[in-house]
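K.L.:
Sending over a structure as structure tokens; questions will come in a sec.
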Amino acid sequence: MNSDLRELYQEVILDHSKAPRNFRFPEGANREAEGNNPLCGDNLTVKLILDGDTIVDIGFQGSGCAISQAAASTMTEMVKGMNVEDINKIFANYHDVVMGEGQIDEDLLGKLAVFAGVAEFPMRVKCATLAWHTMQHAIANDGEIVTTE
Amino acid sequence: MNSDLRELYQEVILDHSKAPRNFRFPEGANREAEGNNPLCGDNLTVKLILDGDTIVDIGFQGSGCAISQAAASTMTEMVKGMNVEDINKIFANYHDVVMGEGQIDEDLLGKLAVFAGVAEFPMRVKCATLAWHTMQHAIANDGEIVTTE
Amino acid sequence: MSDFDIEAIRAEFPALHQEVRGKKLVYLDSAATALKPKAVIEAVSQVYERDCGNIHRAVHLPSQRATQGYEGTRKQVQAFLGAEKSSEIIFTSGTTQSINMVAQCYGRPRLSAGDKVLITGLEHHSNIVPWQMVCEQTGAELVVAHIDDNGEVPLERIEQHLKAGGVRIVAFAHVSNALGSVLPAKEICALAKSHDAISVIDGAQAVPHMAPNVTDLGCDFYAFSGHKLYAPTGTGVLYGRFDVMNAMSPYQGGGDMIRSVTFEKTTYAELPNRLEAGTPNIAGVIGMGAALSYLQTLDWAAVQAHEEELFRYADEALREFKGLRRIGTAKHSMGVLSFFLDCAHPHDIGTIVDTEGVALRTGHHCAQPVMKAFGVPATARASLAFYNNRADIDALISSVRTVQEMFS
Amino acid sequence: MSDFDIEAIRAEFPALHQEVRGKKLVYLDSAATALKPKAVIEAVSQVYERDCGNIHRAVHLPSQRATQGYEGTRKQVQAFLGAEKSSEIIFTSGTTQSINMVAQCYGRPRLSAGDKVLITGLEHHSNIVPWQMVCEQTGAELVVAHIDDNGEVPLERIEQHLKAGGVRIVAFAHVSNALGSVLPAKEICALAKSHDAISVIDGAQAVPHMAPNVTDLGCDFYAFSGHKLYAPTGTGVLYGRFDVMNAMSPYQGGGDMIRSVTFEKTTYAELPNRLEAGTPNIAGVIGMGAALSYLQTLDWAAVQAHEEELFRYADEALREFKGLRRIGTAKHSMGVLSFFLDCAHPHDIGTIVDTEGVALRTGHHCAQPVMKAFGVPATARASLAFYNNRADIDALISSVRTVQEMFS
Ligand SMILES: Cc1ncc(COP(=O)(O)O)c(C=O)c1O
Ligand SMILES: Cc1ncc(COP(=O)(O)O)c(C=O)c1O
């Protein structure tokens, strides 16, 4: 099998895609947003509890490819308990990495480093970022449906 | 100068184009039609006196390229006094010749044989046939404006 | 298949002979856009290298050559479709524009509240949205003859709608791009006619596999895209029965579609010019002529036998594949094989097989209602052309196996 | 002209190196359609030989390459026009479609009786007829700022119409295709803006000679054709200022222009996709990108100096020609030299010079009102591009002399 492909579909990603974490809506969520990737039919809803600047709880539901499911799953694990400023820093680096436009900052990304393989597959960048964009809209509470088209 | 070109712009044609014959409308005309060639802006009106099957008099006015003017001029000279059936025979051969699809029948065409050179210039066929088509519509009295587009 | 030398045919298609990610390209996406034979590529180059001229308007030789090539293609398309007159052939930029033209120029001035436009449940967005737009503009209603579980459109469902009354236009795909189903076009046209509706056939997926005869089909309009017929992008055709199309208002205003223009009054040219405003895709259309000439050199009986055999081979291989669901199982199908894996999302399938050189299409195939009908977000779709062979299918199956291994 | 090696440039245009009727081609019809440099021809071939794929929808590599090429051209056009966002660039099939799109999608829903559309007296039919059509559809009135004897449109005539009130749209050519007049585009746009009208520029004859900056011009829409910009046929551009264009309804329905489709409700995609329904002219657009890349390799100051010098040379030669009347003598002119012989009809001129290898355009140039204004049925027109040289002009003059000898 192609080595780029092995990079893309790492164990962690396959595992998260098959058994996504936080695949549920937190009770008492006060923010939510919906995201679509019309190209491949990914769609998901993110709901979260924002307390001041901190995401106290977060979950998602929806369907999509392995990359988009794993991205949503790992994202929810990562950001739970974090404040928005730190989250934005992580996403900034994550975004650069999957776009192939920046180096991994291991301290920031931690487990998310497994998404580095996406950079070799430009058509899959949207899958890896859909959940993140959707979460940002939930935080901003702007009521927009995110679409990556 | 190119020999095809000399064939096209023969003395007879240049002469008729510079001094078109029957460039007037016959008094008491009972048939008329208008013809246009939008491609090059030729336009002319043919009026004639049809008595039974015979064209007793015919004339034209209008403006256009040398080929279209000469064609109209030689046509009016040729058909004056002829009956429609004979005219149709002449036009059939003339048409074939300028389209490059048939041999000249000298007996039919007479002086019109000078238009044989048109066959080498497909874009000019319409110029050579506009007056003839217009005359046919005048005879048919169908009130249509002829256009060669 | 004695008359059919697949290797000789493949040699004519340069794109087949490239490596993709280190593997030989296996092109199974011809329904999206077909590969082009050398003859087409060369015809396009020749226009740009030699027959540099706009058409219809100049007396110089390069322009005359371009005009002859362009109008020559019109005659070839007329022959290909079995149309009565060459003026029934309009060049467009593709199926999408062809259908929009009918909706706007035929439909918009004629439809009003109480009228209906009938389409089927398997249409491409290009044969849905233009009708939705004109219905919104006119107050007419869009009604749908839905598909059954095999992806067929039973004739009774069409008839039912027609019997209910008010249907003025019946628009349907000859062959479905998402399912491969072949619709009984001749029967549908006859039904439409007997209920005083005009028929519009979206032939985008039919023409790559057959030469439809519009006179025999009895349709009023037939639309297709050049780029799916082995011809250049940016080309398409609208056939319209003369009487019907001649009554249509112009689609766009501009050069070449007029008889005379003054600021006070403009009169329009005859068909086909009236519906072809502006400088068309001259090199593209001449390339389409080259594609039709190329197709004429083939033995079509042999080509069709080869395609059918290959389709059956692929269909059986996919059906035997455990954990794979074939979608679109109409009795009469061609060209397209859609499927779904239990273990993997179509988008992942697409990426993984691409790394093995296999070009598949994954997604909704611009047919979201079909996806909805089958309850899937997307499918993977292999589509065939006569230049495919068994090795292509074997590569497909092997690459799908890789996907499955990865996800289980 | 030290930086400008005309022979090196001519070597890049294969069509220049052919014989026509036994003579070397002298191409003076670039305003009808421009010749293509090798880089464009090769870019088109490469799409068909390698990057065989439809765009936007597939994950396989050929499709990705095609998508990157297509979207890359959008960014190049954005830079070429100085537009703020790449989503302000819509690919069309040509200027004609671009203008029709504005008339139908911006004009039609907004115009009504009492409103006016202002054009000028030197417009190409493509910038007349679409406005006549939308005026007929909406009850709006078409008004015209007429040309003077030199073929200029005095600003006061535009201002007069605007002051009279009711003008919602001002549409005008940047450069006239029949006369060569350059209009004061920036001033007209400012006038339009100050009277709350939107401005639409037909840039078909401007872009081959300059890179217009839409931000500097202050226009709302700018339209041009690829085939006149050394790019493939069947391509064009509509630039629209984001806020204005974003409020427009879609032009055509189909694939790629939707966000989601159900039979009950369809929602549309964002710009630019919303206005690009169906499979576009992928290879053509990628070829346009190659044309823009090629143009970038040239020293534009030198190119423009060369063009101006050549224009002056040709203009003087024609003016000195006895029995010849130059038509279109605006102070600021470029690219196009129209004329009329006392002794010969333009159609005869065209045929005769063609036999000497000189490709001229003769006719009304899709600008019948201009012909009427000058009281001629047609003109002969020589049009220039940067690959022309003095020898071309000398050949023109000598062939016109042949015409004159023949007819006197
Ligand atoms: C000034 C002008 N506008 C519009 C057009 C129409 O362009 P196209 O035929 O490429 O749509 C032309 C070219 O013919 C032109 O010269
Ligand atoms: C059945 C069908 N109809 C219409 C279309 C639209 O064709 P195009 O995008 O070439 O306009 C397609 C192809 O995408 C198709 O498969």
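Here's how to read the names in the structure tokens: chain A, B, ... by the order shown, residue numbers from 1 in each chain, ligand numbers from 1 in the order shown.
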Kindly determine which residues of chain D lie within 8 Å of chain B, considering only C-alpha atoms, and give the answer as a PDB file with N, CA and C atoms, in the first residue's frame.
P.N.:
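Now in part_38.pdb:
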ATOM      1  N   ALA D 344     -14.579  50.703 -54.572  1.00  0.00           N
ATOM      2  CA  ALA D 344     -14.884  49.276 -54.424  1.00  0.00           C
ATOM      3  C   ALA D 344     -15.652  49.017 -53.137  1.00  0.00           C
ATOM      4  N   HIS D 345     -16.555  48.080 -53.233  1.00  0.00           N
ATOM      5  CA  HIS D 345     -17.332  47.678 -52.068  1.00  0.00           C
ATOM      6  C   HIS D 345     -16.440  46.877 -51.107  1.00  0.00           C
ATOM      7  N   PRO D 346     -16.622  47.014 -49.805  1.00  0.00           N
ATOM      8  CA  PRO D 346     -15.767  46.294 -48.851  1.00  0.00           C
ATOM      9  C   PRO D 346     -15.705  44.795 -49.098  1.00  0.00           C
ATOM     10  N   HIS D 347     -16.806  44.222 -49.525  1.00  0.00           N
ATOM     11  CA  HIS D 347     -16.801  42.779 -49.739  1.00  0.00           C
ATOM     12  C   HIS D 347     -15.828  42.395 -50.855  1.00  0.00           C
ATOM     13  N   ASP D 348     -15.755  43.221 -51.870  1.00  0.00           N
ATOM     14  CA  ASP D 348     -14.781  42.968 -52.944  1.00  0.00           C
ATOM     15  C   ASP D 348     -13.363  43.169 -52.432  1.00  0.00           C
ATOM     16  N   ILE D 352     -10.390  40.303 -52.625  1.00  0.00           N
ATOM     17  CA  ILE D 352      -9.177  40.556 -53.408  1.00  0.00           C
ATOM     18  C   ILE D 352      -7.933  40.522 -52.522  1.00  0.00           C
ATOM     19  N   THR D 355      -6.714  37.027 -51.617  1.00  0.00           N
ATOM     20  CA  THR D 355      -5.899  36.287 -52.597  1.00  0.00           C
ATOM     21  C   THR D 355      -4.439  36.715 -52.513  1.00  0.00           C
ATOM     22  N   GLU D 356      -4.161  37.807 -51.839  1.00  0.00           N
ATOM     23  CA  GLU D 356      -2.752  38.175 -51.609  1.00  0.00           C
ATOM     24  C   GLU D 356      -2.311  37.765 -50.204  1.00  0.00           C
ATOM     25  N   THR D 362     -14.297  42.372 -43.490  1.00  0.00           N
ATOM     26  CA  THR D 362     -15.157  43.334 -44.170  1.00  0.00           C
ATOM     27  C   THR D 362     -16.586  43.022 -43.804  1.00  0.00           C
ATOM     28  N   GLY D 363     -17.380  44.049 -43.608  1.00  0.00           N
ATOM     29  CA  GLY D 363     -18.771  43.829 -43.257  1.00  0.00           C
ATOM     30  C   GLY D 363     -19.208  44.880 -42.269  1.00  0.00           C
ATOM     31  N   HIS D 364     -20.227  44.529 -41.480  1.00  0.00           N
ATOM     32  CA  HIS D 364     -20.755  45.527 -40.536  1.00  0.00           C
ATOM     33  C   HIS D 364     -20.148  45.356 -39.149  1.00  0.00           C
ATOM     34  N   PRO D 377     -22.609  50.846 -46.006  1.00  0.00           N
ATOM     35  CA  PRO D 377     -23.219  49.532 -45.766  1.00  0.00           C
ATOM     36  C   PRO D 377     -22.284  48.632 -44.967  1.00  0.00           C
ATOM     37  N   ALA D 378     -21.017  48.918 -45.033  1.00  0.00           N
ATOM     38  CA  ALA D 378     -20.008  48.043 -44.438  1.00  0.00           C
ATOM     39  C   ALA D 378     -18.683  48.777 -44.520  1.00  0.00           C
ATOM     40  N   PHE D 407     -10.420  48.354 -59.974  1.00  0.00           N
ATOM     41  CA  PHE D 407     -11.745  48.970 -60.060  1.00  0.00           C
ATOM     42  C   PHE D 407     -11.719  50.371 -60.676  1.00  0.00           C
TER      43      PHE D 407
END
K.L.:
Could you give me, as a PyMOL selection string, every polymer residue with an atom at most 9 Å away from an atom of ligand 1, counting only C-alpha atoms and all ligand atoms?
P.N.:
(chain C and resi 54+254-256+277-280) or (chain D and resi 31-33+93-99+122-127+172-178+202-206+223-228+233-236+365-367)
K.L.:
Would you mind writing down, as an mmCIF file with C-alpha atoms, in the first residue's frame, each residue of region 230-366 of chain C that DSSP on the backbone assigns to strand (DSSP E or B)?
P.N.:
data_model
loop_
_atom_site.group_PDB
_atom_site.id
_atom_site.type_symbol
_atom_site.label_atom_id
_atom_site.label_comp_id
_atom_site.auth_asym_id
_atom_site.auth_seq_id
_atom_site.Cartn_x
_atom_site.Cartn_y
_atom_site.Cartn_z
ATOM 1 C CA GLY C 236 -22.886 20.733 -26.278
ATOM 2 C CA VAL C 237 -25.889 20.222 -28.476
ATOM 3 C CA LEU C 238 -29.554 20.970 -28.338
ATOM 4 C CA TYR C 239 -31.620 19.218 -30.955
ATOM 5 C CA GLY C 240 -35.105 20.655 -31.323
ATOM 6 C CA ILE C 258 -29.626 38.902 -35.736
ATOM 7 C CA ARG C 259 -30.872 39.787 -39.187
ATOM 8 C CA SER C 260 -30.705 43.516 -38.606
ATOM 9 C CA VAL C 261 -30.116 45.772 -35.659
ATOM 10 C CA THR C 266 -33.936 44.353 -34.067
ATOM 11 C CA THR C 267 -35.020 41.393 -36.163
ATOM 12 C CA TYR C 268 -33.641 37.957 -35.537
ATOM 13 C CA LEU C 324 -20.698 -4.214 -0.961
ATOM 14 C CA ARG C 325 -24.091 -2.954 -1.978
ATOM 15 C CA ARG C 326 -24.809 -2.233 -5.640
ATOM 16 C CA ILE C 327 -27.120 0.720 -6.107
ATOM 17 C CA SER C 333 -28.639 -0.453 -17.473
ATOM 18 C CA VAL C 336 -22.539 3.269 -14.786
ATOM 19 C CA LEU C 337 -22.061 1.032 -11.715
ATOM 20 C CA SER C 338 -22.741 2.684 -8.374
ATOM 21 C CA PHE C 339 -21.999 0.999 -5.077
ATOM 22 C CA PHE C 340 -21.612 1.477 -1.394
ATOM 23 C CA LEU C 341 -19.411 -0.323 1.123
ATOM 24 C CA VAL C 358 -7.972 3.909 -10.109
ATOM 25 C CA ALA C 359 -10.030 6.992 -11.022
ATOM 26 C CA ARG C 361 -16.129 9.159 -8.858
ATOM 27 C CA THR C 362 -17.462 9.385 -5.325
ATOM 28 C CA GLY C 363 -20.146 11.746 -4.111
#
K.L.:
Do a neighbour search on Asp315 (chain C) at 12 Å with only C-alpha atoms, toss out local chain neighbours closer than 3 positions, and write the hits as a ChimeraX atom specification.
P.N.:
/C:180,307-312,318-321,324-330,333-339,381-384,390,393-394,396-397
K.L.:
Write down as a PyMOL selection string the residues of region 112-355 of chain D whose backbone DSSP state falls under helix (DSSP H, G or I).
P.N.:
chain D and resi 125-127+129-138+155-164+185-194+214-217+242-246+273-275+282-296+300-319+346-354
K.L.:
Please compute the CA of Lys89 (chain A)-CA of Asp105 (chain A) distance, one decimal, in Å.
P.N.:
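Answer for the CA of Lys89 (chain A) to CA of Asp105 (chain A) separation: 10.3 Å.
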K.L.:
Name the residues in contact with Leu217 (chain C) at a cut-off of 12 Å, using only C-alpha atoms, excluding same-chain residues fewer than 2 positions from it; report them as a PyMOL selection string.
P.N.:
chain C and resi 81-83+174+183-193+199-201+203+211-215+219-222+241
K.L.:
Choose the residue, out of C:Glu12, C:Ser30, C:Gly151, C:Cys105, that has the smallest atom-to-atom separation from ligand 2; count only C-alpha atoms and all ligand atoms.
P.N.:
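Closest to ligand 2 of all the choices is C:Ser30.
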K.L.:
So, with only C-alpha atoms as the atoms that count, which of C:Val353, C:Val117, C:Ala66, C:Val170 lies closest to chain D?
P.N.:
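Using only C-alpha atoms, chain D sits closest to C:Val353.
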K.L.:
So that I can check the surroundings of Thr74 (chain B), please list as JSON, numbers by chain every protein, DNA and RNA residue that reaches within 8 Å of it, counting only C-alpha atoms and ignoring chain neighbours fewer than 2 positions away.
P.N.:
{"B": [16, 21, 70, 71, 72, 76, 77, 78, 111, 112]}
K.L.:
Could the residues in this selection be written to a file with all heavy atoms, as a compact mmCIF listing (two decimals), in the first residue's frame?
P.N.:
# COMPACT_ATOMS: atom_id res chain seq x y z
N HIS B 16 -20.35 45.69 -65.72
CA HIS B 16 -21.74 45.72 -65.23
C HIS B 16 -21.83 46.29 -63.82
O HIS B 16 -22.80 46.95 -63.48
CB HIS B 16 -22.35 44.31 -65.27
CG HIS B 16 -22.92 43.96 -66.60
ND1 HIS B 16 -24.26 44.11 -66.90
CD2 HIS B 16 -22.34 43.48 -67.72
CE1 HIS B 16 -24.49 43.72 -68.14
NE2 HIS B 16 -23.33 43.33 -68.68
N ARG B 21 -26.96 47.79 -65.75
CA ARG B 21 -28.09 47.99 -66.68
C ARG B 21 -29.41 47.82 -65.91
O ARG B 21 -29.47 47.11 -64.92
CB ARG B 21 -28.03 46.97 -67.81
CG ARG B 21 -26.64 46.59 -68.31
CD ARG B 21 -25.89 47.76 -68.93
NE ARG B 21 -24.75 47.28 -69.73
CZ ARG B 21 -23.49 47.21 -69.31
NH1 ARG B 21 -23.17 47.62 -68.10
NH2 ARG B 21 -22.53 46.74 -70.11
N ALA B 70 -23.29 43.20 -60.47
CA ALA B 70 -23.15 42.65 -61.82
C ALA B 70 -24.13 41.51 -62.06
O ALA B 70 -24.69 41.36 -63.15
CB ALA B 70 -21.71 42.17 -62.05
N ALA B 71 -24.34 40.72 -61.02
CA ALA B 71 -25.28 39.60 -61.16
C ALA B 71 -26.69 40.12 -61.42
O ALA B 71 -27.42 39.60 -62.27
CB ALA B 71 -25.25 38.73 -59.90
N ALA B 72 -27.06 41.17 -60.71
CA ALA B 72 -28.40 41.74 -60.89
C ALA B 72 -28.51 42.35 -62.29
O ALA B 72 -29.52 42.17 -62.99
CB ALA B 72 -28.68 42.78 -59.82
N THR B 76 -31.04 40.98 -65.27
CA THR B 76 -32.16 41.73 -65.86
C THR B 76 -32.05 41.77 -67.37
O THR B 76 -33.05 41.63 -68.07
CB THR B 76 -32.22 43.17 -65.29
OG1 THR B 76 -30.95 43.81 -65.51
CG2 THR B 76 -32.55 43.17 -63.82
N GLU B 77 -30.83 41.95 -67.86
CA GLU B 77 -30.63 41.93 -69.31
C GLU B 77 -31.11 40.61 -69.91
O GLU B 77 -31.79 40.57 -70.92
CB GLU B 77 -29.14 42.08 -69.63
CG GLU B 77 -28.66 43.49 -69.76
CD GLU B 77 -27.33 43.55 -70.49
OE1 GLU B 77 -26.59 42.53 -70.51
OE2 GLU B 77 -27.03 44.61 -71.06
N MET B 78 -30.69 39.55 -69.22
CA MET B 78 -30.94 38.20 -69.75
C MET B 78 -32.42 37.84 -69.77
O MET B 78 -32.92 37.28 -70.74
CB MET B 78 -30.18 37.20 -68.87
CG MET B 78 -30.46 35.75 -69.15
SD MET B 78 -29.71 35.25 -70.69
CE MET B 78 -28.26 34.42 -70.06
N LYS B 111 -23.84 34.91 -71.83
CA LYS B 111 -22.91 35.83 -71.17
C LYS B 111 -22.72 35.51 -69.68
O LYS B 111 -21.70 35.83 -69.07
CB LYS B 111 -23.45 37.24 -71.34
CG LYS B 111 -22.49 38.32 -70.90
CD LYS B 111 -23.22 39.65 -70.69
CE LYS B 111 -23.43 40.40 -72.00
NZ LYS B 111 -24.15 41.68 -71.78
N LEU B 112 -23.73 34.89 -69.08
CA LEU B 112 -23.65 34.59 -67.63
C LEU B 112 -22.51 33.64 -67.29
O LEU B 112 -22.15 33.47 -66.12
CB LEU B 112 -24.97 34.00 -67.13
CG LEU B 112 -26.22 34.87 -67.24
CD1 LEU B 112 -27.40 34.15 -66.63
CD2 LEU B 112 -25.99 36.21 -66.57
K.L.:
My list of candidates is C:Val182, C:Cys135, C:Tyr106, C:Gln296. Which is closest to ligand 2 when distances are computed with only C-alpha atoms and all ligand atoms?
P.N.:
C:Val182
K.L.:
Report as a ChimeraX atom specification all protein, DNA and RNA residues lying within 12 Å of region 46-59 of chain B, evaluated on only C-alpha atoms, omitting residues in the same chain fewer than 6 positions from it.
P.N.:
/B:20-36,69,72-88,130-141,145-146
K.L.:
Please, what distance in Å, to one decimal, runs between CA of Ser249 (chain C) and CA of Gly107 (chain C)?
P.N.:
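Spanning CA of Ser249 (chain C) to CA of Gly107 (chain C) is a straight-line distance of 10.2 Å.
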K.L.:
Could you state the separation of CA of Asp148 (chain C) and CA of Met133 (chain C) in Å, given to one decimal place?
P.N.:
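Atom-to-atom, CA of Asp148 (chain C) and CA of Met133 (chain C) are spaced 26.2 Å apart.
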K.L.:
Which residue, D:His56, D:Lys36, D:His146, D:Lys85, has the smallest gap to ligand 2 when you use only C-alpha atoms and all ligand atoms?
P.N.:
D:His56
K.L.:
Within 10 Å of Gln137 (chain D), counting only C-alpha atoms, which residues show up once you throw out same-chain ones fewer than 4 positions away? Write them as a VMD selection string, please.
P.N.:
chain D and resid 104 108 to 109 111 to 113 131 to 133
